[in-house]
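Remarks on the structure that follows.
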Amino acid sequence: MLGILLSDLFLNIQIVLTLFIFVWIFSWAKQALGSAKLAIIFALIVVFLTFVSFPELIWLAVILVVLATFGSEVFSKLNPFGGGDHLH
């Protein structure tokens with residue numbers, strides 16, 4: 001029972017994220033292409049080929065956005081590549 005509820009929840013979240021990404025791609029394509037009709041066609045093709053064919057990519061996009069938003073502070077504290085005087 002709980003598995004079905006979680007499955008439905010993840011499916012609904014996936015649908016909402018797909019729609020959000022579609023609107024985001026559409027607004028970018030409308031500005032870049034200059035035509036709303038071309039932008040809709042472009043956004044539909046990209047969303048279909050990417051997220052309908054491979055739905056797990058939605059979660060990869062979510063992880064990347066979360067890392068870019070919240071992970072930059074964590075990565076700046078870790079700073080594995082620079083700023084250290086330990087090499088002298």
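Numbering starts fresh at 1 for the residues of each chain in the structure tokens, the chains themselves are lettered A, B, ... in the order given, and ligands are numbered from 1 as they appear.
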
Please report, as a Markdown table, each residue of segment 46-69 of chain A lying at most 8 Å from segment 14-20 of chain A, together with the nearest pair of atoms and the separation in Å rounded to one decimal; use only C-alpha atoms, and order rows by chain and ascending residue number.
| residue | atom | partner | partner_atom | distance |
| --- | --- | --- | --- | --- |
| A:Val47 | CA | A:Thr18 | CA | 7.4 |
| A:Phe51 | CA | A:Thr18 | CA | 7.0 |
| A:Pro55 | CA | A:Gln14 | CA | 7.8 |
| A:Ile58 | CA | A:Gln14 | CA | 6.8 |
| A:Trp59 | CA | A:Gln14 | CA | 8.0 |

Filtering to C-alpha atoms, could you give me those residues as a JSON list (two decimals), in the first residue's frame?
[["chain", "number", "residue", "atom", "x", "y", "z"],
["A", 47, "VAL", "CA", 10.97, 17.27, -23.57],
["A", 51, "PHE", "CA", 12.23, 13.18, -20.35],
["A", 55, "PRO", "CA", 12.24, 9.72, -17.21],
["A", 58, "ILE", "CA", 14.20, 14.43, -14.51],
["A", 59, "TRP", "CA", 15.73, 13.36, -11.20]]

- Query: Where does DSSP see alpha helix (DSSP H) in chain A, if you list the residues as a ChimeraX atom specification?
  - Reply: /A:2-33,36-47,56-66,72-78

- Find the residues around segment 41-44 of chain A up to 7 Å (only C-alpha atoms counted), leave out those fewer than 4 positions away in its own chain, and share them as a PyMOL selection string. chain A and resi 22+25-26+37+48

Residues just named, written with N, CA and C atoms as a CSV table (one decimal), in the first residue's frame:
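The resulting file, again32.csv, is shown below:
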chain,number,residue,atom,x,y,z
A,22,PHE,N,9.4,22.0,-19.3
A,22,PHE,CA,8.8,22.4,-20.6
A,22,PHE,C,8.6,23.9,-20.7
A,25,ILE,N,12.0,25.6,-21.0
A,25,ILE,CA,12.6,25.5,-22.4
A,25,ILE,C,11.8,26.3,-23.4
A,26,PHE,N,10.5,26.3,-23.2
A,26,PHE,CA,9.6,27.1,-24.1
A,26,PHE,C,10.0,28.6,-24.0
A,37,LYS,N,5.3,29.5,-32.1
A,37,LYS,CA,5.0,28.2,-32.7
A,37,LYS,C,6.3,27.3,-32.8
A,48,PHE,N,10.1,15.6,-25.1
A,48,PHE,CA,9.7,14.2,-25.4
A,48,PHE,C,11.0,13.3,-25.5

Which polymer residues have any atom within 8 Å of an atom of Ala39 of chain A, counting only C-alpha atoms, with same-chain residues fewer than 3 positions away left out, as a PDB file with N, CA and C atoms, in the first residue's frame?
ATOM      1  N   PHE A  26      10.460  26.314 -23.226  1.00  0.00           N
ATOM      2  CA  PHE A  26       9.631  27.100 -24.127  1.00  0.00           C
ATOM      3  C   PHE A  26       9.965  28.588 -24.035  1.00  0.00           C
ATOM      4  N   SER A  27      10.087  29.113 -22.819  1.00  0.00           N
ATOM      5  CA  SER A  27      10.374  30.547 -22.685  1.00  0.00           C
ATOM      6  C   SER A  27      11.743  30.885 -23.248  1.00  0.00           C
ATOM      7  N   ALA A  29      13.310  29.148 -25.675  1.00  0.00           N
ATOM      8  CA  ALA A  29      13.243  28.963 -27.119  1.00  0.00           C
ATOM      9  C   ALA A  29      12.454  30.085 -27.788  1.00  0.00           C
ATOM     10  N   LYS A  30      11.415  30.586 -27.137  1.00  0.00           N
ATOM     11  CA  LYS A  30      10.641  31.692 -27.703  1.00  0.00           C
ATOM     12  C   LYS A  30      11.511  32.933 -27.851  1.00  0.00           C
ATOM     13  N   LEU A  33      14.344  31.850 -30.600  1.00  0.00           N
ATOM     14  CA  LEU A  33      13.865  31.617 -31.960  1.00  0.00           C
ATOM     15  C   LEU A  33      12.981  32.744 -32.474  1.00  0.00           C
ATOM     16  N   GLY A  34      12.352  33.495 -31.580  1.00  0.00           N
ATOM     17  CA  GLY A  34      11.524  34.613 -31.981  1.00  0.00           C
ATOM     18  C   GLY A  34      10.117  34.246 -32.424  1.00  0.00           C
ATOM     19  N   SER A  35       9.764  32.989 -32.341  1.00  0.00           N
ATOM     20  CA  SER A  35       8.436  32.548 -32.760  1.00  0.00           C
ATOM     21  C   SER A  35       7.873  31.595 -31.722  1.00  0.00           C
ATOM     22  N   ALA A  36       6.639  31.854 -31.297  1.00  0.00           N
ATOM     23  CA  ALA A  36       6.020  31.003 -30.288  1.00  0.00           C
ATOM     24  C   ALA A  36       5.723  29.603 -30.840  1.00  0.00           C
ATOM     25  N   PHE A  42       9.862  23.070 -30.663  1.00  0.00           N
ATOM     26  CA  PHE A  42      11.197  22.765 -30.137  1.00  0.00           C
ATOM     27  C   PHE A  42      11.105  22.205 -28.720  1.00  0.00           C
ATOM     28  N   ALA A  43      10.312  22.857 -27.860  1.00  0.00           N
ATOM     29  CA  ALA A  43      10.188  22.411 -26.476  1.00  0.00           C
ATOM     30  C   ALA A  43       9.545  21.024 -26.396  1.00  0.00           C
TER      31      ALA A  43
END

- Query: By how many Å are atom CA of Leu64 of chain A and atom CA of Ile45 of chain A apart?
  - Reply: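 One can read the atom CA of Leu64 of chain A to atom CA of Ile45 of chain A distance as 21.9 Å.
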